[in-house]
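Below is work-v6.cif, holding mmCIF, C-alpha atoms.
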data_protein
#
loop_
_atom_site.group_PDB
_atom_site.id
_atom_site.type_symbol
_atom_site.label_atom_id
_atom_site.label_comp_id
_atom_site.auth_asym_id
_atom_site.auth_seq_id
_atom_site.Cartn_x
_atom_site.Cartn_y
_atom_site.Cartn_z
ATOM 1 C CA MET H 46 1.102 65.975 -41.900
ATOM 2 C CA ARG H 47 2.911 68.907 -43.526
ATOM 3 C CA HIS H 48 0.584 71.574 -42.187
ATOM 4 C CA ALA H 49 0.492 74.059 -39.369
ATOM 5 C CA ALA H 50 -2.776 72.908 -37.813
ATOM 6 C CA ILE H 51 -4.334 73.374 -34.408
ATOM 7 C CA SER H 52 -7.689 72.429 -32.928
ATOM 8 C CA TRP H 53 -10.274 75.211 -32.567
ATOM 9 C CA GLY H 54 -11.498 73.614 -29.360
ATOM 10 C CA PRO H 55 -15.131 73.240 -28.270
ATOM 11 C CA GLY H 56 -17.814 75.855 -28.846
ATOM 12 C CA ARG H 57 -17.611 76.430 -32.614
ATOM 13 C CA ALA H 58 -19.981 73.653 -33.708
ATOM 14 C CA VAL H 59 -17.164 71.741 -35.464
ATOM 15 C CA ALA H 60 -15.268 68.628 -34.518
ATOM 16 C CA ARG H 61 -12.205 69.027 -32.310
ATOM 17 C CA VAL H 62 -9.881 67.938 -35.128
ATOM 18 C CA PRO H 63 -6.775 70.065 -35.814
ATOM 19 C CA ARG H 64 -7.538 72.595 -38.540
ATOM 20 C CA VAL H 65 -5.154 74.283 -40.976
ATOM 21 C CA THR H 66 -4.235 77.793 -39.934
ATOM 22 C CA GLY H 67 -3.886 80.864 -42.115
ATOM 23 C CA SER H 68 -6.228 82.684 -44.514
ATOM 24 C CA GLY H 69 -6.764 83.207 -48.210
ATOM 25 C CA SER H 70 -6.438 79.552 -49.134
ATOM 26 C CA SER H 71 -9.049 76.899 -49.769
ATOM 27 C CA ARG H 72 -7.135 74.640 -47.391
ATOM 28 C CA THR H 73 -7.566 77.094 -44.521
ATOM 29 C CA GLY H 74 -9.895 75.785 -41.844
ATOM 30 C CA GLN H 75 -9.910 72.255 -43.262
ATOM 31 C CA ALA H 76 -9.271 69.366 -40.934
ATOM 32 C CA ALA H 77 -5.779 67.889 -40.874
ATOM 33 C CA PHE H 78 -3.612 65.206 -39.195
ATOM 34 C CA ALA H 79 -6.403 62.781 -38.198
ATOM 35 C CA ASN H 80 -6.780 59.487 -40.058
ATOM 36 C CA MET H 81 -10.128 60.380 -41.647
ATOM 37 C CA THR H 82 -9.001 63.752 -43.008
ATOM 38 C CA ARG H 83 -7.509 64.762 -46.314
ATOM 39 C CA LYS H 84 -3.710 64.329 -46.289
ATOM 40 C CA GLY H 85 -3.924 62.974 -42.731
ATOM 41 C CA ARG H 86 -1.746 60.191 -41.317
ATOM 42 C CA MET H 87 -2.963 56.620 -41.448
ATOM 43 C CA PHE H 88 -4.403 54.880 -38.423
ATOM 44 C CA ALA H 89 -1.955 52.464 -36.759
ATOM 45 C CA PRO H 90 0.837 52.827 -39.360
ATOM 46 C CA LEU H 91 2.590 49.668 -40.549
ATOM 47 C CA LYS H 92 5.606 48.974 -38.409
ATOM 48 C CA THR H 93 8.914 48.389 -40.166
ATOM 49 C CA TRP H 94 10.286 46.429 -37.246
ATOM 50 C CA ARG H 95 7.884 43.498 -37.649
ATOM 51 C CA ARG H 96 9.514 40.078 -37.588
ATOM 52 C CA TRP H 97 8.880 39.054 -41.162
ATOM 53 C CA HIS H 98 11.512 36.307 -41.144
ATOM 54 C CA ARG H 99 11.444 33.805 -38.322
ATOM 55 C CA LYS H 100 14.384 31.548 -37.685
ATOM 56 C CA VAL H 101 13.645 27.826 -37.770
ATOM 57 C CA ASN H 102 15.857 25.259 -36.093
ATOM 58 C CA LEU H 103 18.335 23.677 -38.501
ATOM 59 C CA ASN H 104 17.230 20.137 -37.632
ATOM 60 C CA GLN H 105 13.595 21.074 -38.169
ATOM 61 C CA ARG H 106 14.447 22.629 -41.539
ATOM 62 C CA ARG H 107 16.356 19.533 -42.622
ATOM 63 C CA TYR H 108 13.531 17.281 -41.458
ATOM 64 C CA ALA H 109 10.969 19.350 -43.392
ATOM 65 C CA LEU H 110 13.129 19.252 -46.536
ATOM 66 C CA CYS H 111 13.521 15.473 -46.309
ATOM 67 C CA SER H 112 9.772 15.091 -45.748
ATOM 68 C CA ALA H 113 8.988 17.273 -48.782
ATOM 69 C CA LEU H 114 11.400 15.313 -50.991
ATOM 70 C CA ALA H 115 9.928 12.009 -49.784
ATOM 71 C CA ALA H 116 6.382 13.259 -50.429
ATOM 72 C CA SER H 117 7.308 14.238 -53.995
ATOM 73 C CA ALA H 118 7.994 10.539 -54.714
ATOM 74 C CA ILE H 119 4.508 9.389 -53.638
ATOM 75 C CA VAL H 120 2.361 9.432 -56.786
ATOM 76 C CA PRO H 121 -1.098 9.742 -55.119
ATOM 77 C CA LEU H 122 0.080 12.737 -53.062
ATOM 78 C CA VAL H 123 1.490 14.481 -56.141
ATOM 79 C CA MET H 124 -1.686 13.803 -58.149
ATOM 80 C CA ALA H 125 -3.879 14.972 -55.256
ATOM 81 C CA ARG H 126 -2.091 18.320 -55.461
ATOM 82 C CA GLY H 127 -3.373 18.685 -59.031
ATOM 83 C CA HIS H 128 -0.365 17.652 -61.102
ATOM 84 C CA ARG H 129 -1.045 15.745 -64.331
ATOM 85 C CA ILE H 130 1.525 12.949 -64.167
ATOM 86 C CA SER H 131 -0.419 9.918 -65.412
ATOM 87 C CA ASN H 132 1.822 9.615 -68.528
ATOM 88 C CA VAL H 133 5.136 10.150 -66.694
ATOM 89 C CA PRO H 134 7.102 6.865 -66.472
ATOM 90 C CA CYS H 135 8.288 7.377 -62.866
ATOM 91 C CA ILE H 136 8.210 9.977 -60.110
ATOM 92 C CA PRO H 137 10.704 11.574 -59.442
ATOM 93 C CA LEU H 138 11.988 11.525 -63.011
ATOM 94 C CA VAL H 139 15.798 11.342 -62.984
ATOM 95 C CA ILE H 140 17.502 12.431 -66.213
ATOM 96 C CA ASP H 141 20.882 11.435 -67.608
ATOM 97 C CA ASP H 142 23.771 13.933 -67.483
ATOM 98 C CA ASN H 143 23.875 14.078 -71.301
ATOM 99 C CA PHE H 144 20.735 16.223 -71.195
ATOM 100 C CA VAL H 145 22.550 18.964 -69.275
ATOM 101 C CA ASP H 146 24.197 20.397 -72.403
ATOM 102 C CA VAL H 147 20.850 21.439 -73.918
ATOM 103 C CA GLU H 148 20.732 25.170 -74.632
ATOM 104 C CA LYS H 149 17.432 25.631 -76.494
ATOM 105 C CA THR H 150 13.996 25.899 -74.915
ATOM 106 C CA LYS H 151 12.548 24.201 -78.009
ATOM 107 C CA THR H 152 14.616 21.079 -77.286
ATOM 108 C CA VAL H 153 13.509 21.055 -73.636
ATOM 109 C CA VAL H 154 9.831 21.304 -74.679
ATOM 110 C CA LYS H 155 10.304 18.371 -77.053
ATOM 111 C CA PHE H 156 11.877 16.405 -74.197
ATOM 112 C CA LEU H 157 9.013 17.250 -71.835
ATOM 113 C CA LYS H 158 6.482 16.100 -74.441
ATOM 114 C CA SER H 159 8.314 12.825 -75.010
ATOM 115 C CA PHE H 160 8.214 11.972 -71.283
ATOM 116 C CA GLY H 161 4.586 13.062 -70.771
ATOM 117 C CA VAL H 162 5.460 15.978 -68.493
ATOM 118 C CA PHE H 163 4.233 18.687 -70.853
ATOM 119 C CA GLU H 164 0.608 17.991 -69.894
ATOM 120 C CA ASP H 165 1.389 19.384 -66.437
ATOM 121 C CA VAL H 166 3.237 22.352 -67.960
ATOM 122 C CA SER H 167 0.288 23.239 -70.220
ATOM 123 C CA ARG H 168 -2.030 23.012 -67.185
ATOM 124 C CA CYS H 169 0.111 25.707 -65.537
ATOM 125 C CA SER H 170 0.232 28.014 -68.551
ATOM 126 C CA LYS H 171 -3.569 27.816 -68.925
ATOM 127 C CA SER H 172 -4.081 28.670 -65.252
ATOM 128 C CA LYS H 173 -2.483 32.130 -65.453
ATOM 129 C CA THR H 174 -5.079 34.590 -64.153
ATOM 130 C CA ILE H 175 -5.105 38.084 -62.710
ATOM 131 C CA ARG H 176 -4.886 37.853 -58.937
ATOM 132 C CA ALA H 177 -7.809 38.942 -56.773
ATOM 133 C CA GLY H 178 -7.172 41.659 -54.200
ATOM 134 C CA ARG H 179 -4.450 44.205 -53.547
ATOM 135 C CA GLY H 180 -1.606 41.942 -54.663
ATOM 136 C CA LYS H 181 -2.219 43.208 -58.200
ATOM 137 C CA SER H 182 -0.727 46.567 -57.316
ATOM 138 C CA ARG H 183 2.134 45.032 -55.306
ATOM 139 C CA ASN H 184 4.057 43.298 -58.099
ATOM 140 C CA ARG H 185 2.075 40.052 -57.750
ATOM 141 C CA ARG H 186 -0.353 40.757 -60.600
ATOM 142 C CA PHE H 187 -0.684 37.213 -61.922
ATOM 143 C CA ALA H 188 -1.385 33.948 -60.113
ATOM 144 C CA MET H 189 -0.360 30.668 -61.742
ATOM 145 C CA LYS H 190 -0.322 27.026 -60.696
ATOM 146 C CA LYS H 191 2.951 25.250 -59.965
ATOM 147 C CA GLY H 192 4.451 22.786 -62.409
ATOM 148 C CA PRO H 193 7.485 20.519 -62.509
ATOM 149 C CA LEU H 194 10.620 21.365 -60.536
ATOM 150 C CA PHE H 195 14.059 20.776 -62.035
ATOM 151 C CA VAL H 196 16.809 20.298 -59.457
ATOM 152 C CA LEU H 197 20.171 21.073 -61.087
ATOM 153 C CA GLY H 198 23.808 21.374 -60.051
ATOM 154 C CA ASP H 199 26.032 24.450 -60.146
ATOM 155 C CA SER H 200 27.468 23.698 -63.588
ATOM 156 C CA HIS H 201 24.093 23.372 -65.355
ATOM 157 C CA VAL H 202 23.662 27.036 -66.249
ATOM 158 C CA LYS H 203 22.809 26.397 -69.907
ATOM 159 C CA LEU H 204 19.931 24.068 -69.064
ATOM 160 C CA ALA H 205 18.633 26.480 -66.412
ATOM 161 C CA LYS H 206 18.517 29.238 -69.040
ATOM 162 C CA ALA H 207 16.658 26.952 -71.449
ATOM 163 C CA LEU H 208 14.087 26.079 -68.767
ATOM 164 C CA ARG H 209 13.382 29.518 -67.343
ATOM 165 C CA ASN H 210 11.086 30.710 -70.142
ATOM 166 C CA ILE H 211 8.633 27.799 -69.822
ATOM 167 C CA ALA H 212 5.558 28.815 -67.818
ATOM 168 C CA GLY H 213 5.105 26.814 -64.622
ATOM 169 C CA VAL H 214 8.544 25.192 -64.655
ATOM 170 C CA ASP H 215 10.748 26.002 -61.661
ATOM 171 C CA VAL H 216 14.505 25.521 -61.417
ATOM 172 C CA ALA H 217 16.309 24.966 -58.098
ATOM 173 C CA ASN H 218 19.931 24.433 -57.192
ATOM 174 C CA VAL H 219 20.660 21.138 -55.442
ATOM 175 C CA LYS H 220 22.892 22.930 -52.900
ATOM 176 C CA SER H 221 20.266 25.511 -51.932
ATOM 177 C CA LEU H 222 17.048 23.537 -51.748
ATOM 178 C CA ASP H 223 14.489 25.089 -49.411
ATOM 179 C CA ILE H 224 11.113 24.094 -48.018
ATOM 180 C CA LYS H 225 9.178 26.854 -49.859
#

Take the structure from the file and write it as structure tokens.
Amino acid sequence: MRHAAISWGPGRAVARVPRVTGSGSSRTGQAAFANMTRKGRMFAPLKTWRRWHRKVNLNQRRYALCSALAASAIVPLVMARGHRISNVPCIPLVIDDNFVDVEKTKTVVKFLKSFGVFEDVSRCSKSKTIRAGRGKSRNRRFAMKKGPLFVLGDSHVKLAKALRNIAGVDVANVKSLDIK
């Protein structure tokens, strides 16, 4: 839009699109401003005042969270979502507090293999593909399936650091669980 441009009006056998004024330049006389022209503005620009975040009632949010947690304990529902949990002893898998002191990812992987959870983790790491569409250029280049979720307390920072480099594994804080 950074041009001095004005329409030539009817009668010159050209469209009534604003044209760049002046002389001696290759840009002179070229169409400007309209959405189909070079360096023109876009049609119906994206509005920054869209309501991206909608408030949900607190009771509804709590109800949804409880429903999601209850659904994660139903084995057929979890398996229907694609998770490989046939070798896991019980769902949800609750771990002793002694495991919290683990600092190494290697130790966590060994633990996951011993409880049969690593099959689901390897399914996630194999599923990493380049996303279709424009998301590639918008910092969402790769798409990957979801794996196990570890729900930890505030003081379990070491374990969270050990878990974060395993593909497909998510870590959530017990005080800030959400329905995402």

Could you spell out the hits of the PyMOL selection byres ((chain H and resi 200) around 12) on the shown file, as an mmCIF file with C-alpha atoms, in the frame of the given file?
data_model
loop_
_atom_site.group_PDB
_atom_site.id
_atom_site.type_symbol
_atom_site.label_atom_id
_atom_site.label_comp_id
_atom_site.auth_asym_id
_atom_site.auth_seq_id
_atom_site.Cartn_x
_atom_site.Cartn_y
_atom_site.Cartn_z
ATOM 1 C CA ASP H 142 23.771 13.933 -67.483
ATOM 2 C CA VAL H 145 22.550 18.964 -69.275
ATOM 3 C CA ASP H 146 24.197 20.397 -72.403
ATOM 4 C CA VAL H 196 16.809 20.298 -59.457
ATOM 5 C CA LEU H 197 20.171 21.073 -61.087
ATOM 6 C CA GLY H 198 23.808 21.374 -60.051
ATOM 7 C CA ASP H 199 26.032 24.450 -60.146
ATOM 8 C CA HIS H 201 24.093 23.372 -65.355
ATOM 9 C CA VAL H 202 23.662 27.036 -66.249
ATOM 10 C CA LYS H 203 22.809 26.397 -69.907
ATOM 11 C CA LEU H 204 19.931 24.068 -69.064
ATOM 12 C CA ALA H 205 18.633 26.480 -66.412
ATOM 13 C CA LYS H 206 18.517 29.238 -69.040
ATOM 14 C CA ASN H 218 19.931 24.433 -57.192
ATOM 15 C CA VAL H 219 20.660 21.138 -55.442
ATOM 16 C CA LYS H 220 22.892 22.930 -52.900
#

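With all atoms listed in the file as the atoms that count, the residue of H:Thr82, H:Asn102, H:Ser70, H:Asn132 with the shortest distance to Leu157 (chain H) is H:Asn132.
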
Could you work out an axis-aligned bounding box for all listed atoms of region 115-123 of chain H, with 4 Å added on each of the six sides, and give its centre and edge lengths in Å to one decimal, as AutoDock Vina command-line options?
--center_x 4.4 --center_y 11.9 --center_z -53.3 --size_x 19.0 --size_y 13.1 --size_z 15.0

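Between CA of Val133 (chain H) and CA of Phe160 (chain H) the interatomic distance comes to 5.8 Å.
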
All residues 7 Å or closer to Ala50 (chain H), all atoms listed in the file, same chain fewer than 3 positions away omitted, as an MDAnalysis selection string: chainID H and resid 63:66 77

If you count all atoms listed in the file, the residue of H:Met46, H:Ile140, H:Leu208, H:Leu222 closest to Thr152 (chain H) turns out to be H:Leu208

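Rounded to one decimal, CA of Ile175 (chain H) and CA of Met189 (chain H) lie 8.9 Å from each other.
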
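Between Gly192 (chain H) and the candidates H:Arg209, H:His128, H:Arg83, H:Arg107, the tightest atom-to-atom separation, counting only C-alpha atoms, involves H:His128.
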
Do you know which residues the PyMOL selection byres ((chain H and resi 154) around 12) returns on this file, as a PyMOL selection string? chain H and resi 147-153+155-167+204+207-212+214

Would you mind reading off the distance between CA of Lys191 (chain H) and CA of Cys169 (chain H), one decimal, in Å? 6.3 Å

Translate the PyMOL selection byres ((chain H and resi 111-118) around 12), as applied to the file shown, into an explicit residue set as a VMD selection string. chain H and resid 104 to 110 119 to 126 128 130 135 to 139 193 to 194 196 219 222 to 225
